[in-house]
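*Asks:* This one is query_13.txt, compact mmCIF, C-alpha atoms and all ligand atoms.
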# COMPACT_ATOMS: atom_id res chain seq x y z
CA MET A 1 37.82 66.99 64.22
CA ALA A 2 41.18 66.24 65.76
CA LEU A 3 43.44 63.54 64.40
CA ARG A 4 46.08 62.15 66.75
CA GLU A 5 49.28 60.36 65.89
CA VAL A 6 49.02 56.58 66.30
CA LEU A 7 52.16 55.22 68.00
CA THR A 8 53.75 52.25 66.28
CA TRP A 9 55.75 49.35 67.65
CA PRO A 10 58.40 49.39 69.19
CA ASN A 11 57.38 52.69 70.84
CA PRO A 12 57.76 51.90 74.59
CA ARG A 13 54.59 53.85 75.44
CA LEU A 14 52.59 50.97 73.92
CA ARG A 15 53.70 48.97 77.00
CA GLU A 16 52.24 51.47 79.49
CA VAL A 17 49.44 50.23 81.74
CA ALA A 18 46.50 52.66 81.49
CA GLN A 19 44.76 54.08 84.56
CA PRO A 20 40.99 54.02 85.18
CA VAL A 21 39.03 57.16 84.31
CA SER A 22 37.82 58.74 87.56
CA LYS A 23 35.15 60.94 85.95
CA VAL A 24 33.74 61.09 82.42
CA ASN A 25 34.28 64.84 82.03
CA ASP A 26 34.64 67.07 78.95
CA GLU A 27 38.30 66.11 78.61
CA VAL A 28 37.43 62.41 78.44
CA LYS A 29 34.60 63.11 75.98
CA ALA A 30 37.05 65.01 73.75
CA LEU A 31 39.46 62.06 73.99
CA VAL A 32 36.67 59.71 72.83
CA ARG A 33 35.93 62.00 69.85
CA ASP A 34 39.62 62.17 68.89
CA LEU A 35 39.90 58.39 69.13
CA PHE A 36 36.90 57.92 66.81
CA ASP A 37 38.18 60.55 64.34
CA THR A 38 41.63 58.95 64.26
CA MET A 39 40.30 55.39 64.02
CA TYR A 40 38.00 56.20 61.08
CA ASP A 41 40.74 58.23 59.36
CA GLU A 42 43.17 55.30 59.66
CA GLY A 43 40.56 52.80 58.50
CA GLY A 44 40.78 50.73 61.70
CA VAL A 45 38.00 48.86 63.54
CA GLY A 46 39.30 49.78 66.99
CA LEU A 47 41.66 52.13 68.80
CA ALA A 48 42.84 52.34 72.41
CA ALA A 49 43.91 55.56 74.16
CA THR A 50 47.29 53.89 74.82
CA GLN A 51 47.89 53.92 71.06
CA ILE A 52 47.80 57.72 70.97
CA GLY A 53 49.96 58.00 74.10
CA VAL A 54 47.14 58.69 76.59
CA PRO A 55 47.36 56.21 79.49
CA LEU A 56 43.63 56.10 80.35
CA ARG A 57 41.26 53.13 80.16
CA VAL A 58 39.35 54.33 77.10
CA VAL A 59 38.86 52.41 73.84
CA VAL A 60 36.66 52.91 70.79
CA MET A 61 35.60 50.50 68.08
CA ASP A 62 33.30 50.11 65.13
CA CYS A 63 32.80 46.57 63.89
CA GLY A 64 29.77 47.52 61.78
CA MET A 65 29.90 46.24 58.22
CA GLU A 66 27.41 48.21 56.11
CA GLU A 67 26.51 50.84 58.68
CA LYS A 68 28.49 52.57 61.38
CA ARG A 69 28.27 51.02 64.85
CA PRO A 70 30.49 53.19 67.04
CA ILE A 71 31.08 51.91 70.59
CA ALA A 72 33.17 53.68 73.24
CA LEU A 73 34.15 51.67 76.31
CA ILE A 74 35.47 53.41 79.42
CA ASN A 75 36.90 51.42 82.37
CA ALA A 76 35.69 48.24 80.66
CA GLU A 77 36.01 44.87 82.36
CA ILE A 78 35.38 41.44 80.90
CA VAL A 79 33.19 39.77 83.54
CA ALA A 80 32.55 36.43 81.76
CA ARG A 81 34.14 34.43 78.93
CA GLU A 82 33.18 31.29 77.08
CA GLY A 83 34.77 29.18 74.36
CA THR A 84 37.64 30.04 72.04
CA ILE A 85 37.85 31.53 68.57
CA LEU A 86 40.74 32.01 66.13
CA TRP A 87 40.83 35.33 64.30
CA GLN A 88 43.27 36.93 61.86
CA GLU A 89 44.20 40.14 63.67
CA GLY A 90 46.00 43.27 62.64
CA CYS A 91 46.77 46.46 64.55
CA LEU A 92 47.20 50.13 63.59
CA SER A 93 50.30 50.14 65.83
CA VAL A 94 51.81 47.19 63.95
CA PRO A 95 51.00 48.11 60.33
CA GLY A 96 51.59 45.77 57.42
CA VAL A 97 51.25 42.38 59.14
CA THR A 98 48.51 40.17 60.58
CA ALA A 99 48.48 36.92 62.54
CA GLU A 100 45.93 34.40 63.78
CA VAL A 101 45.24 34.87 67.49
CA GLU A 102 43.20 32.74 69.90
CA ARG A 103 40.58 34.67 71.89
CA SER A 104 37.49 33.95 73.94
CA ALA A 105 34.54 33.39 71.62
CA HIS A 106 31.83 34.98 73.78
CA ILE A 107 32.36 37.67 76.38
CA ASN A 108 30.31 39.81 78.73
CA VAL A 109 31.65 43.27 79.40
CA HIS A 110 30.77 45.94 81.96
CA TYR A 111 31.78 49.51 81.12
CA LEU A 112 30.89 53.19 81.21
CA ASP A 113 29.67 54.74 77.97
CA ALA A 114 30.76 58.12 76.63
CA THR A 115 28.19 59.86 78.85
CA GLY A 116 29.47 58.07 81.97
CA GLN A 117 26.50 55.69 82.26
CA PRO A 118 27.18 52.06 83.32
CA GLN A 119 26.44 49.60 80.51
CA ALA A 120 26.70 45.89 79.81
CA LEU A 121 27.62 44.34 76.48
CA GLU A 122 27.47 40.75 75.27
CA ALA A 123 29.71 40.10 72.29
CA ASP A 124 30.86 37.33 70.00
CA GLY A 125 32.68 37.07 66.66
CA LEU A 126 34.55 40.16 65.45
CA LEU A 127 33.16 42.39 68.20
CA ALA A 128 34.36 40.01 70.94
CA VAL A 129 37.81 39.81 69.30
CA CYS A 130 37.95 43.58 68.94
CA VAL A 131 37.04 44.24 72.60
CA GLN A 132 39.73 41.79 73.79
CA HIS A 133 42.35 43.23 71.42
CA GLU A 134 41.65 46.83 72.50
CA LEU A 135 41.49 46.06 76.23
CA ASP A 136 44.84 44.26 75.89
CA HIS A 137 46.32 47.57 74.69
CA LEU A 138 45.30 49.17 77.99
CA ASP A 139 47.43 46.62 79.84
CA GLY A 140 50.38 47.23 77.52
CA HIS A 141 49.85 44.01 75.55
CA LEU A 142 49.98 43.68 71.77
CA TYR A 143 48.34 40.86 69.86
CA PHE A 144 51.68 39.28 68.96
CA ASP A 145 52.30 38.71 72.70
CA ARG A 146 49.62 36.02 72.49
CA LEU A 147 51.35 34.06 69.73
CA ALA A 148 53.61 31.05 70.18
CA GLU A 149 57.29 32.08 70.30
CA PHE A 150 58.12 30.98 66.74
CA GLU A 151 55.09 32.72 65.27
CA ARG A 152 55.70 35.84 67.32
CA LYS A 153 59.26 36.09 65.97
CA ALA A 154 58.09 35.47 62.38
CA THR A 155 55.43 38.18 62.70
CA LEU A 156 57.93 40.72 64.06
CA ILE A 157 60.49 39.91 61.34
CA ALA A 158 57.76 40.37 58.71
CA TYR A 159 56.82 43.66 60.41
CA GLU A 160 60.41 44.95 60.27
CA ASP A 161 60.64 43.95 56.59
CA ALA A 162 57.34 45.72 55.83
CA ALA A 163 58.60 48.87 57.62
CA ILE A 164 61.88 48.85 55.64
CA GLU A 165 59.94 48.44 52.37
CA SER A 166 57.56 51.28 53.14
CA ASN A 167 60.52 53.53 54.08
CA GLU A 168 62.23 52.68 50.78
CA ALA A 169 59.00 53.35 48.89
CA SER A 170 58.58 56.77 50.48
CA SER A 171 62.20 57.93 50.15
NI NI B 201 45.69 47.20 68.11
Let me see whether you can do it: turn the structure in this file into structure tokens.
*Replies:*
Amino acid sequence: MALREVLTWPNPRLREVAQPVSKVNDEVKALVRDLFDTMYDEGGVGLAATQIGVPLRVVVMDCGMEEKRPIALINAEIVAREGTILWQEGCLSVPGVTAEVERSAHINVHYLDATGQPQALEADGLLAVCVQHELDHLDGHLYFDRLAEFERKATLIAYEDAAIESNEASS
């Protein structure tokens, strides 16, 4: 098990645009394992390679409630969207705050799984939100980028306050 450091905002590497994986080799499989280990350790429901400083189009998630439902998406593309949904989102790279974000309610996704096989996924609810949130990371976007200007500023001010408080608590 290998835990990786999750980068937090405003680390500029969170703005990097990730490159497609050319081959699902042992290195990519190890990356997927590290992402799952780190995500479960941090108590998150999703993690993108960008968040651990690896600019490749790899994300993992587990939106299972009672049982584990691990999903790894490599080179994923959203090929269809329908409707809108509002969801209270948080992010391991922006700890301590959440905000309501508008997303597509239903999506169809094409991707490679962790063995390199092409797969299709139809998602709604939390899973659809999670896929959109994680794929945004691969394009260097954070959820607060999708907020209206006033709300975006308020979220970032609350984030800075939360960071100051947690520094004071730990010193
Ligand atoms: Ni995130």
*Asks:* Produce as a list of chain:residue names the set of residues near ligand NI 201 (chain B), where near means within 6 Å with only C-alpha atoms and all ligand atoms considered.
*Replies:*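 Selection of residues at most 6 Å from ligand NI 201 (chain B): A:Cys91, A:Leu92, A:Ser93, A:Glu134.
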*Asks:* Do you have the CA of Leu121 in chain A-CA of Gly64 in chain A distance handy?
*Replies:*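 Atom-to-atom, CA of Leu121 in chain A and CA of Gly64 in chain A are spaced 15.2 Å apart.
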*Asks:* Within 9 Å of Arg33 in chain A, counting all atoms listed in the file, which residues qualify if same-chain residues fewer than 5 places away don't, as a ChimeraX atom specification?
*Replies:* /A:1-2,28,38
*Asks:* Around (35.2, 51.1, 79.2) in the file's frame, which residues reach within 8 Å when counting only C-alpha atoms? Return as a PyMOL selection string?
*Replies:* chain A and resi 57-59+72-77+110-113
*Asks:* Padding 8 Å on each side, edges along x, y and z: where is the centre of the box around the listed atoms of range 35-54 of chain A, and how long are its edges in Å to one decimal? Output it as JSON.
*Replies:*
{"center_x": 43.4, "center_y": 54.7, "center_z": 67.5, "size_x": 29.1, "size_y": 27.7, "size_z": 34.1}
*Asks:* Could you check the closest approach to Ile52 in chain A for each of A:Thr98, A:Gln19, A:Asn25, A:Asn11 and tell me which residue wins, using only C-alpha atoms?
*Replies:*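 When distances to Ile52 in chain A are compared using only C-alpha atoms, the smallest one comes from A:Asn11.
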*Asks:* Could you check the closest approach to Asp139 in chain A for each of A:Glu122, A:Glu82, A:Glu16, A:Glu102 and tell me which residue wins, using all atoms listed in the file?
*Replies:*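 So, comparing all the options, the nearest one is A:Glu16.
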*Asks:* Please provide as a list in words all residues within 8 Å of range 156-167 of chain A, with the sequence filter that same-chain residues fewer than 3 positions apart are discarded (counting all atoms listed in the file).
*Replies:*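 Residues meeting the cut-off are Val94, Pro95, Gly96, Val97, Arg152, Lys153, Ser170 and Ser171 of chain A.
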*Asks:* Between CA of Glu67 in chain A and CA of Leu7 in chain A, what is the distance in Å, rounded to a tenth?
*Replies:*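 Here the two named atoms are 27.6 Å from each other.
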*Asks:* Any idea what's packed within 7 Å of Val24 in chain A, counting all atoms listed in the file, ignoring anything in its chain fewer than 5 positions away? Could you give it as a CSV table (one decimal) with C-alpha atoms, in the coordinates of the input?
*Replies:*
chain,number,residue,atom,x,y,z
A,29,LYS,CA,34.6,63.1,76.0
A,115,THR,CA,28.2,59.9,78.8
A,116,GLY,CA,29.5,58.1,82.0
*Asks:* Hey, which of A:Pro55, A:Pro70, A:Pro10, A:Gly125 ends up closest to Asp37 in chain A? Count only C-alpha atoms.
*Replies:* A:Pro70
*Asks:* Between A:Val129, A:Val17, A:Val32, A:Ala154, which residue has the minimum interatomic distance to Ser104 in chain A, considering all atoms listed in the file?
*Replies:* A:Val129
*Asks:* Choose the residue, out of A:Arg146, A:Ile78, A:Thr50, A:Ala128, that has the smallest atom-to-atom separation from Asn108 in chain A; count all atoms listed in the file.
*Replies:* A:Ile78
*Asks:* What's the separation between CA of Val45 in chain A and CA of Leu142 in chain A, in Å to one decimal place?
*Replies:*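 If I compute the distance from CA of Val45 in chain A to CA of Leu142 in chain A, I get 15.4 Å.
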*Asks:* Nearest to Gly90 in chain A: which of A:His133, A:Arg4, A:Arg15, A:His141 is it, counting all atoms listed in the file?
*Replies:*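 Of A:His133, A:Arg4, A:Arg15, A:His141, the one nearest Gly90 in chain A is A:His133, counting all atoms listed in the file.
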*Asks:* Taking (31.4, 33.7, 70.7) in the file's coordinates, which residues come within 6 Å, counting all atoms listed in the file, written as an MDAnalysis selection string?
*Replies:* chainID A and resid 105:106 124:125
